[in-house]
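Trainee: Right, I'll just put the structure down here and ask away after.
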Amino acid sequence: MRDIFLYVLISICVSSYAQSLISGKVSNENNSGLSGATVMVSKDSTGSILSYGISNGEGNFKIKLSSELDSLYLKISYLGYKSWSKVIQNTDQELEVQLSPSSEELKEVLVRSKEIEQRGDTLNYSVSAFTDQKDRVIADVLKKMPGIEVMPGGQIKYQGELIEKYYIEGLDLLEGRYSLANNNIAAKDVSQVQILENHQPIKMLDSLVFSERASLNIKLKKEVTVSGNAELGSGFSPLLWKVKATPMLFTKKNQAIVTYQANNTGSDASREIRDFSIEDFGREEFNISKSDWLSVRQLAEPPFTQERWLDNNVHLGSVNYLIRLKKEVDLKANISYLNDAQQQIGNTQTRFFTPTDTIDLLENTTNDLFMNTLQSKFTLERNTNDNYLKNELEINGFWDSQRGQIMTENDEVQQQLSNPFTAIRNKLRFLKPVGKQLVTFRSNTGFTEANQSLEVSPGQFENSLNSGQAFDAIQQTIQTTTFFTDNTVGFTKQMKGITVSPEVGISVKNQFLGSQLRFLDTDGVEILGRDFQNDLDFLSSRFYVTSKFTYKRNNWNVRLTTPVNFRSFDIEDESLNESQSLSRLTFEPNLYIRNKISAFWETSVSANLSNDFGDLQRLYYGFILNNYRNLQRYNSPLPENFSQNYSWRLRFRNPLKSLFASLSYSFSRTKRNLLYSNEIDQNAASIFEAIEQDNFSNSHRLNVKASKYFRNINTTFSIGSNYSISNREQILNSNLADVENQTIGFNFDVESEITDWLSSSYMGNFNYLQTRFKDRDFDEIRTQLHELDLFFYVADNQYFSLDTEYYFNNISEENRNNYFLNFNYQYTFEEIGIDLNASWNNVLNTDEFIRVSNTDFSYVQSTYLLRPSQILVSLKFLF
C-alpha cells in the first residue's frame, strides 16, 4: 500500500522534471488565430514525433515534453496553408507563427481518411473507417473503436469511465436513455463519432469548473436527417413473432425518436429505455428508482445474450421529442410505456457453510413475472454563456406482479406478489451572473409510494411463528411513502486563478413504513403480534455548508470540496413503543488532482471521507418476510458507516497510433457500528438481524485496460484485467467469522476485418473467485466464456455468419461445459433497401445452462432452462 502511494507521488512529481514548455499562437495572413493547426515536435525533419499538440479556438497551443536533446525540430501545418518549420532550442519559449496560404494546385490523389483525428479536447472517430458490410446501426461500429466500450447492458465507457452525455448533433435528446439512439441510428447516416474529453456540459462553467468526464456526440452527414427502421419477423417453434418500427427526425431545431417494439423472441426491449444519466446534484442525491421490499425467489440469469434464455412477450412504446423554442432554449418530452410477461424455469442448488455444519437446499423454480410501467420526463433547458436553467419533471408508475412455484425435497411452495410503485420528482438548477459572480440555486423535491403484498403457501417458519404447528398460508403487506426535498443556494467566483464556489443548503426526508404479517388459515385471518408489525416514522434532515475550490493552470487541475453537515434523525414506531434520535456534525472533504504529464500521458489521484447513516430499509423493529425463506428486521440503533476512499489512475492515449490504455487502483475502508447476523436452520430458512458492535471492512481493486486499432489489418485489439480483494466480519449461527472474497478476471476482445470476404469478432473472459470463511477455504470457482463470430461475405449484398459460444465452470458435477451455435444469413435488396434475414438459433439445441456463484457463506448453482432450437425469418427496412 505504501509503495503504491509512493509510486503515485513519484509519477506526479516527475512531470515537472526535465521538461520544456513550448507555447505560442498560430495565425493566418490576417493575424486571426487558426483553430485545429497541427503542431509536432521531433528530433529532426525525419525523426519520430516526440510530442504534438492542436491549436485551440484562438489559435493558441502548448506542448510539454521531456527530452535531453539540445535542439528540436518544430513543424506546424494547416490545410490550405504552407507548412512552417524551424529548428529551436530545447528550452521554455513562446512563439508567434503566421502561416501563408498555399498557392499550389491540389493534385488528384486517393485520400484515405484518418481513423482518429484530434482537435483540442475532441477526438473525431471516422465511422466509415470502422464500418464493414454487416454493420447496420451505430452501436455496431462503436464497439470497434479503440478507447470506447459498449457494455452488455448498453452503457458506454471511454477510457474505462462512463460517459456523461450522449449528444446527437450537440443536442441531448434522450437524457441518459441513449441506447434507443445507439441501437436505431443507421451507421450510414453518421459521419463521425466525437469524444469530448473533459467536457463541461454547462457553458457558463466551462472556463470556471473543469470536468474529468467525457461525453459523446454523434455527427450526422446531413443537416436534416429523416430516417428510421422497421422490422417484421416470424418463426418457430413455438410460434415466434417480432415487430419493430422506429421513425427518427434530426434537424437544427427539432429532434425526435419514436418507437414501437413487440416480440416473443427473447429480445429485451426494456434495455432501450434504461436511464444511464449521471446525477449532477451531489453525493446526497435523492432518487426515485423503484424499490422492492418483497420478492419472489428468482433464478440467476445466464451471463450471455438474452435471446438464448429470455421467455418473454413484450410491448414497448416510446416517444422522445426535442424542440428548440429559441436560441439555446430546448423543451424535451420523453415518454415510454412497457408491458412485458416473462417466464423463468430452472432450479437452484445452494450449499450453506456454517461454522459447525453444511446445509444443502434444492429448489425447482417456475416463475411468471409481469411488468407494466409508464415513465415520463419533461425538461426545459436554457444553456448559454450568460444564463443556465434546467427544470426536469418526472412522473413514473409501476404496476408489477409476480407469481412463483418452488418445489423442494419436502414441500411445494406457492408465492404471489403484488409490488406497485409510483414516483414524482421535480429538479431545478439555475445559474445567473450577478455582478462579478455566478449565483446558483438548486432544488430537488419528490414523493414515492409503494403498497406491496406477498402471499406464501403453505406457511413458513412454523417454529418461530406458530409454536411448530403448520398453517395454510402467510401474507406480508407493506405500505411505504417517502417525501424529500433538497434546496441549495450559492455562488461561483474566480479569484487569482482559483474558482471558489461556496453554497448553503437544507434537505429533509420523511419516510413512513407500515407492515403486517398475517396467518391465512381455514379458521380465518390472524394478524401476528407486535414483533411482526411496523408503524414507523423516519424523519431525517441535513443542514450543510459546502465550499468548493477549483484550480486550473497549465497541465494541472485541482478540486477540493469541504462540506460540513449537521444531520439529525428522529425515528418512532408507535405500535412497538420504540424511538430513537441522533444528531451528528460531520466533515466530509473530497480532493481530486489531475496532471497532464504530456500529450499522451495523464495521471490523477483522489481521496474522500464520507458518512452514511442509512434509511428506512436499514432500520425497522418488526420482522418482515422479504421472501418465502427470509425473515428479517433491523432491531438496532441507526446504522453509522464512516468510509475512507482513495484512488489513483494513469491514462495513456495516442490518437495518431490509435492506442489507448489505463491503469487504476482504489482502496476503501469502512467502519460500521452494526454487525449483521444470519441464523440458518436445517431447512435453509434464515432469520436476519442487526447487532450493535463496531466492525471494519476493507477492499482493494486494481484494473488495467488497453485497446489499439491496427490499420494495416483492419483490427481492433482490446485486453483487460481486474483484481479485487475484500474482507469483513459476519455473524453466522451465533459464530463470529471473518469473510474474505478474492476475484481475478481477464478479458480479451478482437474485432477484425480479415479480408474483403471475411470478418470476425472474438471475446474471451476468464474469472477466478475464492472465498474464505473463518478458517475454511471454499473451493475456488473458475469460469470461462468464449464467443467467436465469423462473417462470410459471399457478395456485396449478402453474407452468412456463424456465432459460437463456449462456457465452462469447475464446480458443476454435470454440464460443466456449455456449447452454443447460431447460423444467420442476410440478403439485401439494394434497390429497395430491404434486408432479408434468416437465423437459426441454438442449432445444437442446448436445453439448459448452469451458472455458479457464491455469497459470503454459500455456493449457489443455478440451472436455467433455455429457449429451444428456433428459426426466425425477418424483413428489415431502412428509410
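Letters A, B, ... go to the chains of the C-alpha cells in the order shown; residues in each chain start at 1; ligands are counted from 1 in the same order.
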Could you pull the residues within 10 Å of segment 406-413 of chain A, counting only C-alpha atoms, minus those fewer than 5 positions along the same chain, as JSON, numbers by chain?
Mentor: {"A": [296, 297, 298, 346, 347, 348, 361, 362, 363, 364, 365, 366, 367, 456, 457, 458, 459, 460, 473, 628, 683]}
Trainee: How would the residues just chosen look if you wrote them out with N, CA and C atoms as a PDB file, in the first residue's frame?
Mentor:
```
ATOM      1  N   VAL A 296     -40.337 -12.532  -5.003  1.00  0.00           N
ATOM      2  CA  VAL A 296     -40.427 -13.961  -5.283  1.00  0.00           C
ATOM      3  C   VAL A 296     -39.015 -14.457  -5.562  1.00  0.00           C
ATOM      4  N   ARG A 297     -38.635 -15.592  -5.037  1.00  0.00           N
ATOM      5  CA  ARG A 297     -37.289 -16.121  -5.267  1.00  0.00           C
ATOM      6  C   ARG A 297     -37.083 -16.365  -6.764  1.00  0.00           C
ATOM      7  N   GLN A 298     -36.033 -15.739  -7.301  1.00  0.00           N
ATOM      8  CA  GLN A 298     -35.800 -15.825  -8.734  1.00  0.00           C
ATOM      9  C   GLN A 298     -34.511 -16.561  -9.043  1.00  0.00           C
ATOM     10  N   GLY A 346     -36.276 -23.392 -13.957  1.00  0.00           N
ATOM     11  CA  GLY A 346     -34.956 -23.942 -13.666  1.00  0.00           C
ATOM     12  C   GLY A 346     -34.889 -24.399 -12.224  1.00  0.00           C
ATOM     13  N   ASN A 347     -33.673 -24.553 -11.713  1.00  0.00           N
ATOM     14  CA  ASN A 347     -33.502 -24.936 -10.318  1.00  0.00           C
ATOM     15  C   ASN A 347     -32.260 -24.291  -9.742  1.00  0.00           C
ATOM     16  N   THR A 348     -32.233 -24.211  -8.426  1.00  0.00           N
ATOM     17  CA  THR A 348     -31.095 -23.636  -7.711  1.00  0.00           C
ATOM     18  C   THR A 348     -30.668 -24.605  -6.617  1.00  0.00           C
ATOM     19  N   LEU A 361     -29.678 -27.160  -0.078  1.00  0.00           N
ATOM     20  CA  LEU A 361     -31.062 -26.857  -0.438  1.00  0.00           C
ATOM     21  C   LEU A 361     -31.204 -26.922  -1.951  1.00  0.00           C
ATOM     22  N   LEU A 362     -32.193 -27.677  -2.412  1.00  0.00           N
ATOM     23  CA  LEU A 362     -32.518 -27.760  -3.841  1.00  0.00           C
ATOM     24  C   LEU A 362     -33.895 -27.157  -4.059  1.00  0.00           C
ATOM     25  N   GLU A 363     -33.978 -26.162  -4.951  1.00  0.00           N
ATOM     26  CA  GLU A 363     -35.245 -25.503  -5.263  1.00  0.00           C
ATOM     27  C   GLU A 363     -35.503 -25.600  -6.765  1.00  0.00           C
ATOM     28  N   ASN A 364     -36.580 -26.290  -7.155  1.00  0.00           N
ATOM     29  CA  ASN A 364     -37.020 -26.304  -8.544  1.00  0.00           C
ATOM     30  C   ASN A 364     -38.036 -25.181  -8.723  1.00  0.00           C
ATOM     31  N   THR A 365     -37.745 -24.259  -9.636  1.00  0.00           N
ATOM     32  CA  THR A 365     -38.459 -22.992  -9.683  1.00  0.00           C
ATOM     33  C   THR A 365     -39.177 -22.782 -11.005  1.00  0.00           C
ATOM     34  N   THR A 366     -40.407 -22.291 -10.906  1.00  0.00           N
ATOM     35  CA  THR A 366     -41.160 -21.799 -12.063  1.00  0.00           C
ATOM     36  C   THR A 366     -41.756 -20.451 -11.678  1.00  0.00           C
ATOM     37  N   ASN A 367     -41.353 -19.405 -12.390  1.00  0.00           N
ATOM     38  CA  ASN A 367     -41.810 -18.049 -12.077  1.00  0.00           C
ATOM     39  C   ASN A 367     -42.487 -17.412 -13.285  1.00  0.00           C
ATOM     40  N   VAL A 456     -47.587 -16.455   0.719  1.00  0.00           N
ATOM     41  CA  VAL A 456     -46.831 -17.702   0.587  1.00  0.00           C
ATOM     42  C   VAL A 456     -47.645 -18.824   1.201  1.00  0.00           C
ATOM     43  N   SER A 457     -47.799 -19.922   0.450  1.00  0.00           N
ATOM     44  CA  SER A 457     -48.481 -21.093   0.991  1.00  0.00           C
ATOM     45  C   SER A 457     -47.693 -22.351   0.610  1.00  0.00           C
ATOM     46  N   PRO A 458     -47.584 -23.313   1.512  1.00  0.00           N
ATOM     47  CA  PRO A 458     -48.084 -23.256   2.892  1.00  0.00           C
ATOM     48  C   PRO A 458     -47.263 -22.275   3.726  1.00  0.00           C
ATOM     49  N   GLY A 459     -47.705 -22.012   4.944  1.00  0.00           N
ATOM     50  CA  GLY A 459     -46.995 -21.089   5.822  1.00  0.00           C
ATOM     51  C   GLY A 459     -45.595 -21.561   6.137  1.00  0.00           C
ATOM     52  N   GLN A 460     -44.694 -20.623   6.336  1.00  0.00           N
ATOM     53  CA  GLN A 460     -43.291 -20.918   6.624  1.00  0.00           C
ATOM     54  C   GLN A 460     -42.944 -20.483   8.058  1.00  0.00           C
ATOM     55  N   ALA A 473     -51.218 -20.630   5.074  1.00  0.00           N
ATOM     56  CA  ALA A 473     -50.532 -19.600   4.283  1.00  0.00           C
ATOM     57  C   ALA A 473     -50.140 -18.444   5.185  1.00  0.00           C
ATOM     58  N   TYR A 628     -39.973 -16.111   0.698  1.00  0.00           N
ATOM     59  CA  TYR A 628     -40.574 -17.242   1.408  1.00  0.00           C
ATOM     60  C   TYR A 628     -39.640 -17.871   2.447  1.00  0.00           C
ATOM     61  N   ASN A 683     -33.625 -26.342   7.260  1.00  0.00           N
ATOM     62  CA  ASN A 683     -34.391 -26.211   6.017  1.00  0.00           C
ATOM     63  C   ASN A 683     -33.918 -25.039   5.171  1.00  0.00           C
TER      64      ASN A 683
END
```
Trainee: Find the spatial neighbours of segment 503-508 of chain A, counting only C-alpha atoms, within a cut-off of 9 Å - ignore same-chain residues fewer than 3 positions away - and output them as a JSON list (two decimals) with all heavy atoms, in the first residue's frame.
Mentor:
```json
[["chain", "number", "residue", "atom", "x", "y", "z"],
["A", 440, "THR", "N", -26.07, 30.56, -7.88],
["A", 440, "THR", "CA", -26.59, 29.23, -8.20],
["A", 440, "THR", "C", -27.72, 28.87, -7.25],
["A", 440, "THR", "O", -27.62, 29.10, -6.03],
["A", 440, "THR", "CB", -25.48, 28.17, -8.07],
["A", 440, "THR", "OG1", -24.40, 28.50, -8.93],
["A", 440, "THR", "CG2", -26.00, 26.79, -8.43],
["A", 483, "PHE", "N", -41.25, 11.36, 1.27],
["A", 483, "PHE", "CA", -41.23, 12.73, 0.75],
["A", 483, "PHE", "C", -39.84, 13.30, 1.01],
["A", 483, "PHE", "O", -39.28, 13.14, 2.10],
["A", 483, "PHE", "CB", -42.27, 13.61, 1.43],
["A", 483, "PHE", "CG", -42.10, 15.08, 1.12],
["A", 483, "PHE", "CD1", -42.55, 15.61, -0.08],
["A", 483, "PHE", "CD2", -41.44, 15.93, 2.01],
["A", 483, "PHE", "CE1", -42.36, 16.95, -0.39],
["A", 483, "PHE", "CE2", -41.25, 17.27, 1.72],
["A", 483, "PHE", "CZ", -41.72, 17.78, 0.50],
["A", 484, "PHE", "N", -39.27, 13.94, 0.00],
["A", 484, "PHE", "CA", -37.95, 14.53, 0.20],
["A", 484, "PHE", "C", -37.85, 15.87, -0.53],
["A", 484, "PHE", "O", -38.52, 16.12, -1.53],
["A", 484, "PHE", "CB", -36.84, 13.60, -0.30],
["A", 484, "PHE", "CG", -36.94, 13.22, -1.75],
["A", 484, "PHE", "CD1", -36.47, 14.06, -2.75],
["A", 484, "PHE", "CD2", -37.50, 12.01, -2.12],
["A", 484, "PHE", "CE1", -36.56, 13.70, -4.07],
["A", 484, "PHE", "CE2", -37.60, 11.65, -3.45],
["A", 484, "PHE", "CZ", -37.13, 12.49, -4.43],
["A", 485, "THR", "N", -37.02, 16.73, 0.02],
["A", 485, "THR", "CA", -36.71, 18.00, -0.64],
["A", 485, "THR", "C", -35.29, 18.40, -0.25],
["A", 485, "THR", "O", -34.88, 18.24, 0.90],
["A", 485, "THR", "CB", -37.72, 19.10, -0.26],
["A", 485, "THR", "OG1", -37.40, 20.29, -0.99],
["A", 485, "THR", "CG2", -37.71, 19.39, 1.22],
["A", 486, "ASP", "N", -34.56, 18.89, -1.22],
["A", 486, "ASP", "CA", -33.17, 19.31, -1.03],
["A", 486, "ASP", "C", -32.99, 20.62, -1.79],
["A", 486, "ASP", "O", -33.19, 20.66, -3.01],
["A", 486, "ASP", "CB", -32.21, 18.24, -1.54],
["A", 486, "ASP", "CG", -30.76, 18.53, -1.18],
["A", 486, "ASP", "OD1", -30.50, 19.56, -0.54],
["A", 486, "ASP", "OD2", -29.88, 17.73, -1.56],
["A", 487, "ASN", "N", -32.62, 21.69, -1.09],
["A", 487, "ASN", "CA", -32.54, 23.02, -1.71],
["A", 487, "ASN", "C", -31.22, 23.68, -1.33],
["A", 487, "ASN", "O", -30.82, 23.68, -0.16],
["A", 487, "ASN", "CB", -33.71, 23.88, -1.27],
["A", 487, "ASN", "CG", -35.05, 23.26, -1.63],
["A", 487, "ASN", "OD1", -35.51, 23.36, -2.76],
["A", 487, "ASN", "ND2", -35.67, 22.57, -0.67],
["A", 488, "THR", "N", -30.57, 24.27, -2.34],
["A", 488, "THR", "CA", -29.23, 24.82, -2.16],
["A", 488, "THR", "C", -29.14, 26.17, -2.87],
["A", 488, "THR", "O", -29.67, 26.34, -3.97],
["A", 488, "THR", "CB", -28.17, 23.88, -2.76],
["A", 488, "THR", "OG1", -28.31, 22.59, -2.18],
["A", 488, "THR", "CG2", -26.77, 24.39, -2.51],
["A", 489, "VAL", "N", -28.42, 27.13, -2.23],
["A", 489, "VAL", "CA", -28.12, 28.39, -2.87],
["A", 489, "VAL", "C", -26.64, 28.69, -2.65],
["A", 489, "VAL", "O", -26.08, 28.37, -1.60],
["A", 489, "VAL", "CB", -29.01, 29.54, -2.32],
["A", 489, "VAL", "CG1", -28.72, 29.78, -0.84],
["A", 489, "VAL", "CG2", -28.81, 30.81, -3.12],
["A", 490, "GLY", "N", -26.00, 29.27, -3.65],
["A", 490, "GLY", "CA", -24.57, 29.56, -3.54],
["A", 490, "GLY", "C", -24.13, 30.48, -4.66],
["A", 490, "GLY", "O", -24.94, 30.99, -5.44],
["A", 491, "PHE", "N", -22.82, 30.68, -4.76],
["A", 491, "PHE", "CA", -22.31, 31.49, -5.86],
["A", 491, "PHE", "C", -20.95, 30.94, -6.28],
["A", 491, "PHE", "O", -20.29, 30.18, -5.55],
["A", 491, "PHE", "CB", -22.21, 32.97, -5.48],
["A", 491, "PHE", "CG", -21.17, 33.29, -4.44],
["A", 491, "PHE", "CD1", -19.86, 33.57, -4.79],
["A", 491, "PHE", "CD2", -21.51, 33.33, -3.09],
["A", 491, "PHE", "CE1", -18.89, 33.86, -3.83],
["A", 491, "PHE", "CE2", -20.56, 33.63, -2.12],
["A", 491, "PHE", "CZ", -19.25, 33.89, -2.49],
["A", 492, "THR", "N", -20.52, 31.32, -7.46],
["A", 492, "THR", "CA", -19.23, 30.91, -8.02],
["A", 492, "THR", "C", -18.48, 32.17, -8.44],
["A", 492, "THR", "O", -19.02, 33.02, -9.15],
["A", 492, "THR", "CB", -19.43, 29.98, -9.23],
["A", 492, "THR", "OG1", -20.13, 28.81, -8.81],
["A", 492, "THR", "CG2", -18.09, 29.57, -9.82],
["A", 539, "LEU", "N", -37.73, 10.48, 10.19],
["A", 539, "LEU", "CA", -37.50, 11.86, 9.73],
["A", 539, "LEU", "C", -36.01, 12.15, 9.81],
["A", 539, "LEU", "O", -35.41, 12.06, 10.88],
["A", 539, "LEU", "CB", -38.29, 12.85, 10.58],
["A", 539, "LEU", "CG", -38.08, 14.34, 10.26],
["A", 539, "LEU", "CD1", -38.58, 14.66, 8.85],
["A", 539, "LEU", "CD2", -38.78, 15.21, 11.29],
["A", 540, "SER", "N", -35.42, 12.53, 8.67],
["A", 540, "SER", "CA", -34.00, 12.90, 8.66],
["A", 540, "SER", "C", -33.88, 14.28, 8.00],
["A", 540, "SER", "O", -34.61, 14.61, 7.07],
["A", 540, "SER", "CB", -33.17, 11.87, 7.89],
["A", 540, "SER", "OG", -33.58, 11.79, 6.55],
["A", 541, "SER", "N", -32.94, 15.06, 8.50],
["A", 541, "SER", "CA", -32.70, 16.38, 7.94],
["A", 541, "SER", "C", -31.20, 16.65, 7.93],
["A", 541, "SER", "O", -30.44, 16.09, 8.72],
["A", 541, "SER", "CB", -33.44, 17.47, 8.73],
["A", 541, "SER", "OG", -33.00, 17.50, 10.06],
["A", 542, "ARG", "N", -30.80, 17.54, 7.04],
["A", 542, "ARG", "CA", -29.38, 17.87, 6.91],
["A", 542, "ARG", "C", -29.26, 19.34, 6.57],
["A", 542, "ARG", "O", -29.85, 19.82, 5.59],
["A", 542, "ARG", "CB", -28.73, 17.01, 5.83],
["A", 542, "ARG", "CG", -27.23, 17.29, 5.63],
["A", 542, "ARG", "CD", -26.62, 16.29, 4.67],
["A", 542, "ARG", "NE", -27.05, 16.47, 3.31],
["A", 542, "ARG", "CZ", -26.30, 17.00, 2.34],
["A", 542, "ARG", "NH1", -25.07, 17.41, 2.61],
["A", 542, "ARG", "NH2", -26.79, 17.12, 1.11],
["A", 543, "PHE", "N", -28.49, 20.06, 7.37],
["A", 543, "PHE", "CA", -28.12, 21.43, 7.06],
["A", 543, "PHE", "C", -26.63, 21.41, 6.72],
["A", 543, "PHE", "O", -25.83, 20.86, 7.47],
["A", 543, "PHE", "CB", -28.39, 22.35, 8.24],
["A", 543, "PHE", "CG", -27.91, 23.76, 8.01],
["A", 543, "PHE", "CD1", -28.64, 24.64, 7.23],
["A", 543, "PHE", "CD2", -26.72, 24.21, 8.57],
["A", 543, "PHE", "CE1", -28.20, 25.93, 7.00],
["A", 543, "PHE", "CE2", -26.26, 25.49, 8.35],
["A", 543, "PHE", "CZ", -27.01, 26.37, 7.56],
["A", 544, "TYR", "N", -26.27, 21.97, 5.58],
["A", 544, "TYR", "CA", -24.88, 21.84, 5.15],
["A", 544, "TYR", "C", -24.35, 23.14, 4.57],
["A", 544, "TYR", "O", -25.07, 23.95, 3.99],
["A", 544, "TYR", "CB", -24.73, 20.71, 4.12],
["A", 544, "TYR", "CG", -25.66, 20.77, 2.93],
["A", 544, "TYR", "CD1", -25.25, 21.35, 1.74],
["A", 544, "TYR", "CD2", -26.94, 20.22, 2.99],
["A", 544, "TYR", "CE1", -26.09, 21.40, 0.64],
["A", 544, "TYR", "CE2", -27.78, 20.25, 1.90],
["A", 544, "TYR", "CZ", -27.36, 20.84, 0.73],
["A", 544, "TYR", "OH", -28.19, 20.89, -0.37],
["A", 545, "VAL", "N", -23.06, 23.31, 4.78],
["A", 545, "VAL", "CA", -22.31, 24.42, 4.21],
["A", 545, "VAL", "C", -21.13, 23.81, 3.46],
["A", 545, "VAL", "O", -20.34, 23.07, 4.06],
["A", 545, "VAL", "CB", -21.81, 25.40, 5.29],
["A", 545, "VAL", "CG1", -20.98, 26.51, 4.65],
["A", 545, "VAL", "CG2", -22.98, 25.98, 6.06],
["A", 546, "THR", "N", -21.03, 24.10, 2.19],
["A", 546, "THR", "CA", -20.00, 23.48, 1.35],
["A", 546, "THR", "C", -19.21, 24.56, 0.62],
["A", 546, "THR", "O", -19.80, 25.52, 0.09],
["A", 546, "THR", "CB", -20.64, 22.53, 0.32],
["A", 546, "THR", "OG1", -21.36, 21.51, 1.01],
["A", 546, "THR", "CG2", -19.57, 21.88, -0.55],
["A", 547, "SER", "N", -17.91, 24.37, 0.57],
["A", 547, "SER", "CA", -17.06, 25.24, -0.24],
["A", 547, "SER", "C", -16.27, 24.38, -1.21],
["A", 547, "SER", "O", -15.69, 23.36, -0.81],
["A", 547, "SER", "CB", -16.09, 26.04, 0.65],
["A", 547, "SER", "OG", -16.79, 26.96, 1.46],
["A", 548, "LYS", "N", -16.29, 24.77, -2.47],
["A", 548, "LYS", "CA", -15.56, 24.05, -3.50],
["A", 548, "LYS", "C", -14.49, 24.99, -4.08],
["A", 548, "LYS", "O", -14.80, 26.10, -4.49],
["A", 548, "LYS", "CB", -16.49, 23.55, -4.60],
["A", 548, "LYS", "CG", -15.78, 22.75, -5.69],
["A", 548, "LYS", "CD", -16.73, 22.41, -6.83],
["A", 548, "LYS", "CE", -17.80, 21.45, -6.39],
["A", 548, "LYS", "NZ", -18.68, 21.04, -7.51]]
```
Trainee: If you measure from atom CA of Gln261 of chain A to atom CA of Ala245 of chain A, what distance in Å do you get, rounded to one decimal?
Mentor: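 Going from atom CA of Gln261 of chain A over to atom CA of Ala245 of chain A, I get 6.6 Å.
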Trainee: Hey, what does DSSP flag as strand (DSSP E) within segment 366-485 of chain A? Can you give it to me as a PyMOL selection string?
Mentor: chain A and resi 366-383+388-407+412-434+437-457+473-485
Trainee: Provide the atom CA of Ile593 of chain A to atom CA of Pro146 of chain A distance in Å, to one decimal place.
Mentor: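 According to the coordinates, atom CA of Ile593 of chain A and atom CA of Pro146 of chain A are separated by 25.9 Å.
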Trainee: Rank nothing, just name the residue among A:Phe748, A:Phe538, A:Trp293, A:Trp309 nearest to Asp847 of chain A, using only C-alpha atoms.
Mentor: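 Looking only at the distances to Asp847 of chain A, the closest residue turns out to be A:Trp309.
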Trainee: Residues of segment 158-246 of chain A that approach segment 654-665 of chain A to 10 Å or less, counting only C-alpha atoms: could you list each one with the shortest pair of atoms and its distance in Å to one decimal, rows by chain and increasing residue number, as a tab-separated table?
Mentor:
```
residue	atom	partner	partner_atom	distance
A:Tyr158	CA	A:Phe660	CA	9.7
A:Gln159	CA	A:Ser662	CA	6.5
A:Gly160	CA	A:Ser662	CA	7.3
```
Trainee: Hey, what's within 9 Å of segment 170-183 of chain A if we count only C-alpha atoms and toss same-chain stuff fewer than 5 positions away? As an MDAnalysis selection string, please?
Mentor: chainID A and resid 137:140 142 154:155 164:165 217:219 252 255:257 259 271:278 320:322 330 332:334 377
Trainee: Could you check how far atom CA of Ser579 of chain A sits from atom CA of Gln511 of chain A, in Å to one decimal?
Mentor: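 Rounded to one decimal, the two atoms are 14.4 Å apart.
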Trainee: Counting only C-alpha atoms, figure out which residue out of A:Val39, A:Leu674, A:Leu790, A:Ala341 gets nearest to Glu753 of chain A.
Mentor: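 Among A:Val39, A:Leu674, A:Leu790, A:Ala341, it is A:Leu790 that comes nearest to Glu753 of chain A.
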Trainee: Applying 12 Å and only C-alpha atoms, which residues near Lys188 of chain A remain after dropping the ones on its own chain fewer than 5 positions away? List them as a list in words.
Mentor: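 That gives Ser126, Val127, Ser128, Ala129, Phe130, Thr131, Asp132, Gln133, Lys134, Asp135, Arg136, Val137, Ile138, Ala139, Asp140, Val141, Lys219, Leu220, Lys221, Lys222, Thr225, Ser227, Gly228, Leu878 and Phe879 of chain A.
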Trainee: List every residue of segment 437-491 of chain A that DSSP, applied to the backbone, labels as alpha helix (DSSP H), and write the result as a VMD selection string.
Mentor: chain A and resid 462 to 465
Trainee: Check the smallest atom-to-atom distance from each of A:Ile88, A:Leu240, A:Ile195, A:Leu331 to Ile156 of chain A using only C-alpha atoms, then report the winner.
Mentor: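 Smallest distance to Ile156 of chain A is found for A:Ile195.
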Trainee: Contacts of Phe430 of chain A at 7 Å or less, counting only C-alpha atoms, minus same-chain residues fewer than 3 places along, as a ChimeraX atom specification?
Mentor: /A:388-390,440-442
Trainee: Which of these residues is nearest to Phe773 of chain A, using only C-alpha atoms: A:Gln617, A:Asn722, A:Asn90, A:Asn854?
Mentor: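 So, comparing all the options, the nearest one is A:Asn854.
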